[in-house]
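Below: the structure, in structure tokens.
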Amino acid sequence: MSEHVRFELEAGVGLVTLDRPEALNALNDGILAGLEEAFLALGREPSVRAVILTGAGKAFVAGADIKAMAGLSPLEARAFAQRGQRIFNLIEDHPHPVIAAVNGFALGGGLELAMACDIRIASEAAKAGQPEVNLGVIPGFGGTQRLARIVGRSRAKYLLFTGEVISAQRGLELGIFNEVTAPDLLLPRCRELAALIARKAPLAVSHCKHAVNEGTDLPLGDGLSIEAELFAQTFATADQKEGMQAFIEKRPAQFIGR
Ligand code: CO8
């Protein structure tokens with residue numbers, strides 16, 4: 001595990017903390033490797049129901065490491081972008097919901113990382129943006145694609161062309177953030193949300209994620225086919241029987257994840 005990424009697992013909720021505060025958690029090789037390792041490990045752990053990703057110190061992530069990127073050749077830059085994209089895809093495709101607890105700066109690769117998560121809760125102290133044009137480059141870890149899918153093409157182009165750094169409140173208005181909390185309530189709120197999701201039928205939650213991720217980039221008919229298939233699969237689970245029986249018996253359901 002990278003010295004700059006910590007992770008813990010408690011009551012089915014994984015907490016991954018990027019811990020390179022002296023460089024505002026800028027993404028270098030070590031952090032990327034640690035992120036990959038943490039999410040692979042959590043993906044193998046059967047008790048996981050949800051994951052929270054956050055940053056130590058005053059930043060979530062202030063971007064890819066500019067000092068490490070400065071001397072890259074075009075070939076090396078492509079490889080770096082592809083590596084980051086592969087790791088962010090792993091987070092997006094993680095079987096369980098991933099909540100970004102955006103505690104501070106989420107700039108460049110930092111916003112791209114948050115956008116690879118399923119839900120983004122921001123502290124009032126958070127600032128977000130894609131400032132790559134100030135550096136003579138463009139986003140390389142999915143920013144042009146995921147931002148446009150989240151806020152729409154026109155708003156995404158505005159943020160990409162200007163490099164504007166926006167407040168948490170503006171991010172909420174644009175739909176980048178699901179909620180904004182007081183800084184000291186950020187982790188408690190994310191834990192509360194993760195615990196709420198953890199009480200639901202795990203396979204159903206996973207299938208919802210899968211259906212949205214796979215289906216929304218396809219024509220509606222293809223997305224609906226994916227939904228019908230996953231819906232059918234839930235009827236082969238013990239949790240479907242338990243969930244519906246519990247409703248009929250007017251008692252809380254006890255889900256087992258099968
Ligand atoms: N990379 C490397 N080091 C960084 C970064 C970064 N992205 N951000 C901050 N740091 C370092 C600073 O250099 C400084 O280190 P030192 O103390 O050694 O000088 C330390 O972190 C603290 O930062 P500041 O002193 O600047 O802190 P401030 O509070 O004054 O400012 C800011 C905070 C506004 C966030 C400022 O640090 C900043 O503007 N950072 C850069 C933000 C940025 O432009 N991010 C986008 C980077 S590009 C990118 O992410 C592209 C992703 C895809 C690339 C893939 C293709 C190859």
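Following the order of the structure tokens, chains are lettered A, B, ..., residues in each are numbered from 1, and ligands are numbered from 1.
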
*Check which residues fall inside 7 Å of ligand 1 when counting only C-alpha atoms and all ligand atoms, and print them as a ChimeraX atom specification.*
/A:22-24,26,62-67,69,77-78,80-81,84,105,107-110,130-132,135,138-141

Closest atom pairs, residues of region 127-219 of chain A within 10 Å of region 231-243 of chain A, only C-alpha atoms, as a Markdown table:
| residue | atom | partner | partner_atom | distance |
| --- | --- | --- | --- | --- |
| A:Lys200 | CA | A:Gly243 | CA | 9.4 |
| A:Ala201 | CA | A:Asp239 | CA | 6.4 |
| A:Pro202 | CA | A:Asp239 | CA | 8.6 |
| A:Leu203 | CA | A:Thr234 | CA | 7.4 |
| A:Ala204 | CA | A:Thr234 | CA | 6.7 |
| A:His207 | CA | A:Phe231 | CA | 8.0 |
| A:Cys208 | CA | A:Phe231 | CA | 9.1 |
| A:Ala211 | CA | A:Phe231 | CA | 9.5 |

*Mind checking which residues fall within 12 Å of Ala122 (chain A), counting only C-alpha atoms, ignoring those fewer than 5 positions away in the same chain, and posting them as a ChimeraX atom specification?*
/A:53-55,59-60,99-106,111,114,127-128,167-172,175-187,189-190

*Please give the complete set of residues from region 47-174 of chain A that DSSP, run on the backbone, assigns to strand (DSSP E), formatted as a VMD selection string.*
chain A and resid 50 to 55 59 to 61 98 to 102 105 to 107 119 to 123 127 to 129 166 to 167

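Minimum distance to Ala253 (chain A) across A:Arg199, A:Ala11, A:Leu40, A:Asp217 (counting only C-alpha atoms) occurs at A:Arg199.
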
_To test your reading of the structure, identify every residue in region 133-243 of chain A that backbone DSSP assigns to alpha helix (DSSP H), and report it as a VMD selection string._
chain A and resid 143 to 151 153 to 162 168 to 174 186 to 198 202 to 215 220 to 234 238 to 243

_Counting only C-alpha atoms, the option among A:Met115, A:Leu72, A:Val51, A:Leu224 closest to Gly142 (chain A)_ = A:Met115

*In Å, rounded to a single decimal, give me how far CA of Gly152 (chain A) is from CA of Ser225 (chain A).*
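Spanning CA of Ser225 (chain A) to CA of Gly152 (chain A) is a straight-line distance of 24.9 Å.
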
*Nearest to Val13 (chain A): which of A:Leu42, A:Ala156, A:Leu218, A:Ala148 is it, counting only C-alpha atoms?*
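Of A:Leu42, A:Ala156, A:Leu218, A:Ala148, the one nearest Val13 (chain A), counting only C-alpha atoms, is A:Leu42.
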
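A straight line drawn from CA of Ala126 (chain A) to CA of Thr162 (chain A) is 18.6 Å long.
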
*asked:* Under the rule that only C-alpha atoms are counted, which of A:Gly215, A:Ser47, A:Asp93, A:Asp222 is the nearest residue to Arg258 (chain A)?
replied: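 Using only C-alpha atoms, the shortest distance to Arg258 (chain A) belongs to A:Ser47.
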
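Among the candidates A:Arg86, A:Ile91, A:Glu124, A:Arg191, the residue lying nearest to Gly14 (chain A) is A:Arg191 (atoms considered: only C-alpha atoms).
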
*Could you jot down the CA of Ser123 (chain A) to CA of Lys58 (chain A) separation for me, Å, one decimal place?*
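Interatomic distance here is 10.6 Å.
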
_Among the residues A:Ala116, A:Val133, A:Ala56, A:Leu147, the one that comes closest to Phe161 (chain A) [using only C-alpha atoms]_ =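 Looking only at the distances to Phe161 (chain A), the closest residue turns out to be A:Val133.
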
*What lies within 8 Å of Leu32 (chain A) using only C-alpha atoms, ignoring chain neighbours under 4 positions off, as number ranges by chain?*
A: 27-28, 36, 84, 87

Output C-alpha atoms of each residue in that selection to a file, as a short mmCIF file (atom, residue, chain, number, x, y, z; two decimals), in the first residue's frame.
data_model
loop_
_atom_site.label_atom_id
_atom_site.label_comp_id
_atom_site.auth_asym_id
_atom_site.auth_seq_id
_atom_site.Cartn_x
_atom_site.Cartn_y
_atom_site.Cartn_z
CA LEU A 27 -1.85 12.67 -7.77
CA ASN A 28 1.57 11.20 -8.42
CA GLU A 36 -5.79 1.27 -7.25
CA GLY A 84 -5.29 7.51 -14.42
CA ILE A 87 -7.85 3.57 -12.17
#
